[in-house]
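Heads up: the structure comes next, in structure tokens.
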Amino acid sequence: MKIIKLALIAALSICSAVSANAWESNSPSKAASSSDKHAGIEITVNINTATAEELQTLLIGIGAKKAKTIVEFREKNGLFQSADDLSKVKGIGNATVDKNRDRILL
């Protein structure tokens with residue numbers, strides 16, 4: 001009887017491990033970056049007309065707070081004349097502008 005119980009427990013353990021591994025390999029990665037999410041699609045955003053939500057969604061490295069700051073800067077200072085003007089926004093550096101240069105429209 002002990003042997004049967006041990007065999008049953010071992011079989012269930014193996015089945016659980018295999019099914020968990022199979023489920024994990026079929027589920028999308030939680031760590032997928034914004035650029036991976038849009039891989040193969042040319043993404044562009046007009047930084048002079050986009051909403052904070054659009055900026056957050058379409059630009060790499062821009063979260064809700066930075067997107068809101070971009071919109072506030074634009075409303076206070078007028079339209080951006082170049083992609084490099086985006087680096088004048090507090091919290092936006094040249095590296096962020098460079099990552100998004102191909103996505104930015106004026």
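By order in the structure tokens, chains are A, B, ...; within a chain, residues start at 1; ligands start at 1, following the order shown.
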Subject >> Contacts of stretch 44-59 of chain A at 6 Å (only C-alpha atoms; same-chain gap of 4+ positions) as a list in words >> reply: Gly63, Ala64, Ala67, Lys68, Leu79, Arg103, Ile104, Leu105 and Leu106 of chain A
Original post:
Pick from A:Asp102, A:Lys76, A:Lys66, A:Val71: nearest to A:Lys90, with only C-alpha atoms counted?
Top reply: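 That would be A:Lys66, the residue with the smallest distance to A:Lys90.
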Subject >> Computed interatomic separation between atom CA of A:Thr96 and atom CA of A:Ile60 (Å) >> reply: 7.3 Å
